$ cat protein-v1.pdb   # PDB, C-alpha atoms
MODEL        1
ATOM      1  CA  MET A   1      67.312  29.743 105.778
ATOM      2  CA  LYS A   2      63.868  28.604 106.989
ATOM      3  CA  GLN A   3      64.953  28.762 110.634
ATOM      4  CA  THR A   4      66.376  32.279 110.187
ATOM      5  CA  PHE A   5      63.130  33.487 108.631
ATOM      6  CA  VAL A   6      61.054  32.011 111.472
ATOM      7  CA  PHE A   7      63.404  33.516 114.086
ATOM      8  CA  LEU A   8      63.130  36.986 112.541
ATOM      9  CA  LEU A   9      59.346  36.662 112.322
ATOM     10  CA  LEU A  10      59.122  35.692 116.001
ATOM     11  CA  LEU A  11      61.432  38.528 117.009
ATOM     12  CA  THR A  12      59.210  41.014 115.154
ATOM     13  CA  ILE A  13      56.086  39.678 116.859
ATOM     14  CA  LEU A  14      57.680  39.666 120.321
ATOM     15  CA  LYS A  15      59.404  43.065 120.003
ATOM     16  CA  PRO A  16      56.785  44.994 122.044
ATOM     17  CA  ALA A  17      56.959  42.501 124.919
ATOM     18  CA  LEU A  18      60.756  42.656 124.959
ATOM     19  CA  ALA A  19      60.926  46.464 124.919
ATOM     20  CA  GLN A  20      62.064  48.182 128.130
ATOM     21  CA  ASP A  21      58.974  50.392 127.973
ATOM     22  CA  GLN A  22      55.623  48.577 128.135
ATOM     23  CA  THR A  23      53.742  51.295 126.216
ATOM     24  CA  GLU A  24      54.042  49.252 122.993
ATOM     25  CA  CYS A  25      51.837  46.521 124.554
ATOM     26  CA  LYS A  26      48.981  49.041 124.704
ATOM     27  CA  ALA A  27      48.759  49.011 120.897
ATOM     28  CA  TRP A  28      48.093  45.242 120.868
ATOM     29  CA  PRO A  29      44.512  43.956 120.572
ATOM     30  CA  ALA A  30      42.805  43.521 123.960
ATOM     31  CA  ILE A  31      42.908  39.725 123.775
ATOM     32  CA  THR A  32      46.738  39.694 123.470
ATOM     33  CA  LYS A  33      47.682  42.523 125.873
ATOM     34  CA  LYS A  34      47.929  40.176 128.862
ATOM     35  CA  ALA A  35      50.303  37.875 126.937
ATOM     36  CA  CYS A  36      52.461  40.845 125.948
ATOM     37  CA  HIS A  37      52.675  42.034 129.568
ATOM     38  CA  ARG A  38      53.469  38.501 130.829
ATOM     39  CA  LEU A  39      56.295  38.077 128.289
ATOM     40  CA  HIS A  40      57.693  41.437 129.323
ATOM     41  CA  GLN A  41      57.519  40.353 132.959
ATOM     42  CA  ILE A  42      59.301  37.046 132.197
ATOM     43  CA  PHE A  43      62.143  38.769 130.367
ATOM     44  CA  TYR A  44      62.692  41.567 132.896
ATOM     45  CA  GLU A  45      61.763  39.931 136.222
ATOM     46  CA  GLY A  46      62.335  36.234 135.470
ATOM     47  CA  LYS A  47      65.332  34.162 136.510
ATOM     48  CA  ASN A  48      67.772  32.580 134.079
ATOM     49  CA  GLU A  49      67.434  28.817 133.581
ATOM     50  CA  LEU A  50      69.634  26.094 132.156
ATOM     51  CA  TYR A  51      68.093  22.976 130.599
ATOM     52  CA  PHE A  52      69.741  19.536 130.364
ATOM     53  CA  THR A  53      67.944  17.001 128.172
ATOM     54  CA  GLY A  54      68.790  13.356 128.345
ATOM     55  CA  TYR A  55      66.080  10.729 128.101
ATOM     56  CA  SER A  56      63.156   9.852 125.840
ATOM     57  CA  TRP A  57      61.243   6.625 126.481
ATOM     58  CA  HIS A  58      59.277   5.113 123.610
ATOM     59  CA  ASN A  59      56.138   3.469 124.981
ATOM     60  CA  ARG A  60      56.800  -0.285 124.706
ATOM     61  CA  TYR A  61      53.074  -1.064 124.499
ATOM     62  CA  LEU A  62      52.681   0.927 121.288
ATOM     63  CA  TYR A  63      55.892   0.097 119.415
ATOM     64  CA  ASP A  64      57.061  -3.084 117.715
ATOM     65  CA  SER A  65      60.214  -4.430 119.402
ATOM     66  CA  ASN A  66      62.233  -4.301 116.164
ATOM     67  CA  ARG A  67      61.381  -0.596 115.815
ATOM     68  CA  ILE A  68      62.360   0.211 119.423
ATOM     69  CA  SER A  69      65.840  -1.178 118.847
ATOM     70  CA  THR A  70      66.444   1.364 116.054
ATOM     71  CA  TYR A  71      65.449   4.447 118.080
ATOM     72  CA  ASN A  72      67.692   6.708 120.102
ATOM     73  CA  GLU A  73      66.477   7.118 123.685
ATOM     74  CA  LEU A  74      69.452   9.177 124.885
ATOM     75  CA  ALA A  75      68.165  12.581 123.880
ATOM     76  CA  TRP A  76      71.260  14.542 124.883
ATOM     77  CA  GLY A  77      71.096  18.290 124.548
ATOM     78  CA  GLY A  78      70.466  21.488 126.418
ATOM     79  CA  GLY A  79      69.335  25.042 126.290
ATOM     80  CA  LEU A  80      68.402  28.237 128.061
ATOM     81  CA  GLY A  81      65.284  29.865 129.364
ATOM     82  CA  LYS A  82      63.824  32.511 131.611
ATOM     83  CA  GLY A  83      61.034  31.887 134.053
ATOM     84  CA  LEU A  84      59.136  33.314 136.979
ATOM     85  CA  TYR A  85      56.514  32.385 139.531
ATOM     86  CA  ASP A  86      53.493  34.681 139.409
ATOM     87  CA  GLU A  87      51.393  36.100 142.259
ATOM     88  CA  ASP A  88      49.579  32.727 142.583
ATOM     89  CA  GLY A  89      52.838  30.744 142.690
ATOM     90  CA  ASP A  90      52.350  29.355 139.165
ATOM     91  CA  TYR A  91      55.273  29.064 136.754
ATOM     92  CA  HIS A  92      55.602  30.971 133.453
ATOM     93  CA  GLY A  93      58.648  30.544 131.261
ATOM     94  CA  VAL A  94      60.186  30.957 127.856
ATOM     95  CA  THR A  95      62.513  28.176 126.697
ATOM     96  CA  ALA A  96      64.850  27.418 123.812
ATOM     97  CA  PHE A  97      66.868  24.241 123.568
ATOM     98  CA  ALA A  98      68.012  21.514 121.200
ATOM     99  CA  PHE A  99      68.401  17.767 121.651
ATOM    100  CA  LEU A 100      68.970  14.547 119.719
ATOM    101  CA  ASP A 101      65.631  13.153 118.550
ATOM    102  CA  SER A 102      64.707   9.480 118.087
ATOM    103  CA  HIS A 103      66.729   9.343 114.844
ATOM    104  CA  LYS A 104      69.775  11.170 116.313
ATOM    105  CA  ASN A 105      68.956  14.374 114.425
ATOM    106  CA  VAL A 106      69.270  17.681 116.265
ATOM    107  CA  GLU A 107      65.804  19.033 117.064
ATOM    108  CA  PRO A 108      65.555  22.699 118.096
ATOM    109  CA  ILE A 109      62.527  23.838 120.078
ATOM    110  CA  ALA A 110      61.453  27.200 121.499
ATOM    111  CA  GLY A 111      58.277  28.174 123.279
ATOM    112  CA  TYR A 112      56.236  29.297 126.255
ATOM    113  CA  VAL A 113      55.483  27.143 129.324
ATOM    114  CA  PHE A 114      52.751  27.495 131.953
ATOM    115  CA  VAL A 115      52.598  25.180 134.981
ATOM    116  CA  LYS A 116      49.964  25.324 137.734
ATOM    117  CA  MET A 117      52.048  24.688 140.859
ATOM    118  CA  HIS A 118      51.439  23.221 144.294
ATOM    119  CA  HIS A 119      54.120  24.350 146.758
ATOM    120  CA  PHE A 120      54.636  21.920 149.657
ATOM    121  CA  ASN A 121      56.976  24.431 151.312
ATOM    122  CA  GLU A 122      59.483  27.077 150.179
ATOM    123  CA  ALA A 123      61.770  24.459 148.638
ATOM    124  CA  SER A 124      59.564  21.684 147.195
ATOM    125  CA  MET A 125      56.844  21.822 144.555
ATOM    126  CA  VAL A 126      54.927  19.802 142.006
ATOM    127  CA  GLY A 127      52.867  20.995 139.073
ATOM    128  CA  ALA A 128      51.190  20.255 135.768
ATOM    129  CA  GLY A 129      50.649  22.488 132.782
ATOM    130  CA  TYR A 130      51.409  22.900 129.106
ATOM    131  CA  SER A 131      53.870  24.224 126.587
ATOM    132  CA  VAL A 132      53.203  25.882 123.241
ATOM    133  CA  PHE A 133      56.211  25.876 120.964
ATOM    134  CA  LEU A 134      57.807  25.931 117.544
ATOM    135  CA  THR A 135      60.075  23.077 116.448
ATOM    136  CA  GLY A 136      61.426  21.498 113.284
ATOM    137  CA  ARG A 137      62.367  17.932 112.328
ATOM    138  CA  PRO A 138      63.668  16.537 109.041
ATOM    139  CA  ASP A 139      61.153  13.656 109.203
ATOM    140  CA  ILE A 140      58.163  16.011 109.644
ATOM    141  CA  PHE A 141      57.432  18.639 106.957
ATOM    142  CA  HIS A 142      61.024  18.256 105.653
ATOM    143  CA  GLY A 143      62.387  20.373 108.499
ATOM    144  CA  ILE A 144      60.003  23.315 108.048
ATOM    145  CA  PRO A 145      59.267  24.685 111.556
ATOM    146  CA  PHE A 146      55.809  23.860 112.879
ATOM    147  CA  PRO A 147      53.876  24.749 116.047
ATOM    148  CA  GLY A 148      52.833  22.324 118.745
ATOM    149  CA  ALA A 149      51.414  22.027 122.251
ATOM    150  CA  LEU A 150      52.255  19.397 124.876
ATOM    151  CA  PRO A 151      51.485  18.721 128.546
ATOM    152  CA  TRP A 152      54.258  19.355 131.101
ATOM    153  CA  VAL A 153      54.782  17.947 134.598
ATOM    154  CA  TYR A 154      57.168  19.525 137.123
ATOM    155  CA  LEU A 155      58.775  18.039 140.215
ATOM    156  CA  GLY A 156      61.035  20.595 141.863
ATOM    157  CA  HIS A 157      63.233  21.056 144.894
ATOM    158  CA  LYS A 158      65.036  24.355 145.418
ATOM    159  CA  GLN A 159      66.787  25.230 142.134
ATOM    160  CA  LEU A 160      66.538  21.800 140.454
ATOM    161  CA  THR A 161      63.406  20.696 138.600
ATOM    162  CA  LEU A 162      62.632  17.438 136.830
ATOM    163  CA  CYS A 163      60.435  18.261 133.834
ATOM    164  CA  MET A 164      58.533  15.722 131.757
ATOM    165  CA  THR A 165      56.226  15.754 128.771
ATOM    166  CA  TYR A 166      54.445  13.042 126.818
ATOM    167  CA  ILE A 167      54.308  13.229 123.040
ATOM    168  CA  PRO A 168      51.110  11.438 121.950
ATOM    169  CA  GLY A 169      50.828   9.474 118.729
ATOM    170  CA  SER A 170      49.625   6.245 117.194
ATOM    171  CA  ARG A 171      51.151   2.794 116.727
ATOM    172  CA  ASN A 172      54.928   3.090 116.088
ATOM    173  CA  VAL A 173      54.736   6.920 115.979
ATOM    174  CA  GLY A 174      54.965   9.397 118.852
ATOM    175  CA  ASN A 175      54.027   8.022 122.285
ATOM    176  CA  VAL A 176      57.282   9.198 123.833
ATOM    177  CA  LEU A 177      57.919  10.264 127.425
ATOM    178  CA  PHE A 178      60.576  12.999 127.325
ATOM    179  CA  ALA A 179      62.378  13.845 130.582
ATOM    180  CA  PHE A 180      64.858  16.649 131.258
ATOM    181  CA  LEU A 181      66.256  18.785 134.066
ATOM    182  CA  LYS A 182      66.029  22.516 134.672
ATOM    183  CA  TRP A 183      68.441  24.459 136.877
ATOM    184  CA  THR A 184      67.285  27.935 137.974
ATOM    185  CA  PHE A 185      69.901  30.563 138.812
TER     186      PHE A 185
ENDMDL
END
$ encode --input "protein-v1.pdb" --output "structure tokens"
Amino acid sequence: MKQTFVFLLLLTILKPALAQDQTECKAWPAITKKACHRLHQIFYEGKNELYFTGYSWHNRYLYDSNRISTYNELAWGGGLGKGLYDEDGDYHGVTAFAFLDSHKNVEPIAGYVFVKMHHFNEASMVGAGYSVFLTGRPDIFHGIPFPGALPWVYLGHKQLTLCMTYIPGSRNVGNVLFAFLKWTF
């Protein structure tokens, strides 16, 4: 029920950006107009993407060894997205996927990604940026969706990109390197 409510709320907020006609973005406050136009551009000009999740490494320097042995590091899952490279060659995308978290619970996540890119040539690139998202976990806020922001690193060649993020934390909490692949159609 909580996830359905959050989904409907997001859909209502994003409706102007997803409309075929961009005139609805004009009614948005000046500070958010650019975001509305960028979302519209992602959805109508962006390419479809497929995400494959698979590995989460718990930082051995910040976890007790008995704790590490209880955690799942095979974060299998997947999802979909849409993304585009802007006039500067930087990446903008919208993602939604789900994966097995450290306790083998399914964790859904959806959000926006920006990565400042360096293109070595037409086929190879590297970049760093951030993601802002909404997720939910049973061990945090009893599964109530909550927002977050994390750094992202991209290493890409042609249609395949290795994506990584680091979830910060304290001793025995967080401090996880999460790696996954993105295939762009």
$ residues_around --input "protein-v1.pdb" --residues "Asn48 of chain A" --least-positions-apart "2" --cutoff "10 Å" --atoms "all atoms listed in the file" --output "ChimeraX atom specification"
/A:42-43,45-46,50,80-84,93-94,183-185
$ resolve_selection --input "protein-v1.pdb" --expression "the PyMOL selection byres ((chain A and resi 135-140) around 9)" --output "list in words"
Gln3, Asp101, Asn105, Val106, Glu107, Pro108, Ile109, Ala110, Gly111, Phe133, Leu134, Phe141, His142, Gly143, Ile144, Pro145, Phe146, Pro147 and Gly148 of chain A
$ residues_around --input "protein-v1.pdb" --residues "segment 52-61 of chain A" --least-positions-apart "6" --cutoff "9 Å" --atoms "all atoms listed in the file" --output "PyMOL selection string"
chain A and resi 68+71-79+97-102+171-172+174-183
$ atom_distance --input "protein-v1.pdb" --atom1 "atom CA of Lys116 of chain A" --atom2 "atom CA of Tyr85 of chain A"
9.8 Å
$ residues_around --input "protein-v1.pdb" --residues "Tyr154 of chain A" --least-positions-apart "2" --cutoff "9 Å" --atoms "all atoms listed in the file" --output "ChimeraX atom specification"
/A:115,117,125-129,152,156,161-164
$ write_last_selection --input "protein-v1.pdb" --atoms "C-alpha atoms" --output "compact mmCIF listing (two decimals), in the coordinates of the input"
# COMPACT_ATOMS: atom_id res chain seq x y z
CA VAL A 115 52.60 25.18 134.98
CA MET A 117 52.05 24.69 140.86
CA MET A 125 56.84 21.82 144.56
CA VAL A 126 54.93 19.80 142.01
CA GLY A 127 52.87 21.00 139.07
CA ALA A 128 51.19 20.26 135.77
CA GLY A 129 50.65 22.49 132.78
CA TRP A 152 54.26 19.36 131.10
CA GLY A 156 61.04 20.60 141.86
CA THR A 161 63.41 20.70 138.60
CA LEU A 162 62.63 17.44 136.83
CA CYS A 163 60.44 18.26 133.83
CA MET A 164 58.53 15.72 131.76
$ atom_distance --input "protein-v1.pdb" --atom1 "atom CA of Lys158 of chain A" --atom2 "atom CA of Ala35 of chain A"
27.2 Å
$ atom_distance --input "protein-v1.pdb" --atom1 "atom CA of Glu49 of chain A" --atom2 "atom CA of Leu155 of chain A"
15.3 Å
$ closest_residue --input "protein-v1.pdb" --among "A:Tyr130, A:Tyr51, A:Asp90, A:His118" --to "Ala149 of chain A" --atoms "all atoms listed in the file"
A:Tyr130
$ closest_residue --input "protein-v1.pdb" --among "A:Cys36, A:Leu160, A:Leu150, A:Ile31" --to "Val132 of chain A" --atoms "only C-alpha atoms"
A:Leu150
$ closest_residue --input "protein-v1.pdb" --among "A:Phe120, A:Tyr63, A:Tyr91, A:Phe114" --to "Ser170 of chain A" --atoms "all atoms listed in the file"
A:Tyr63
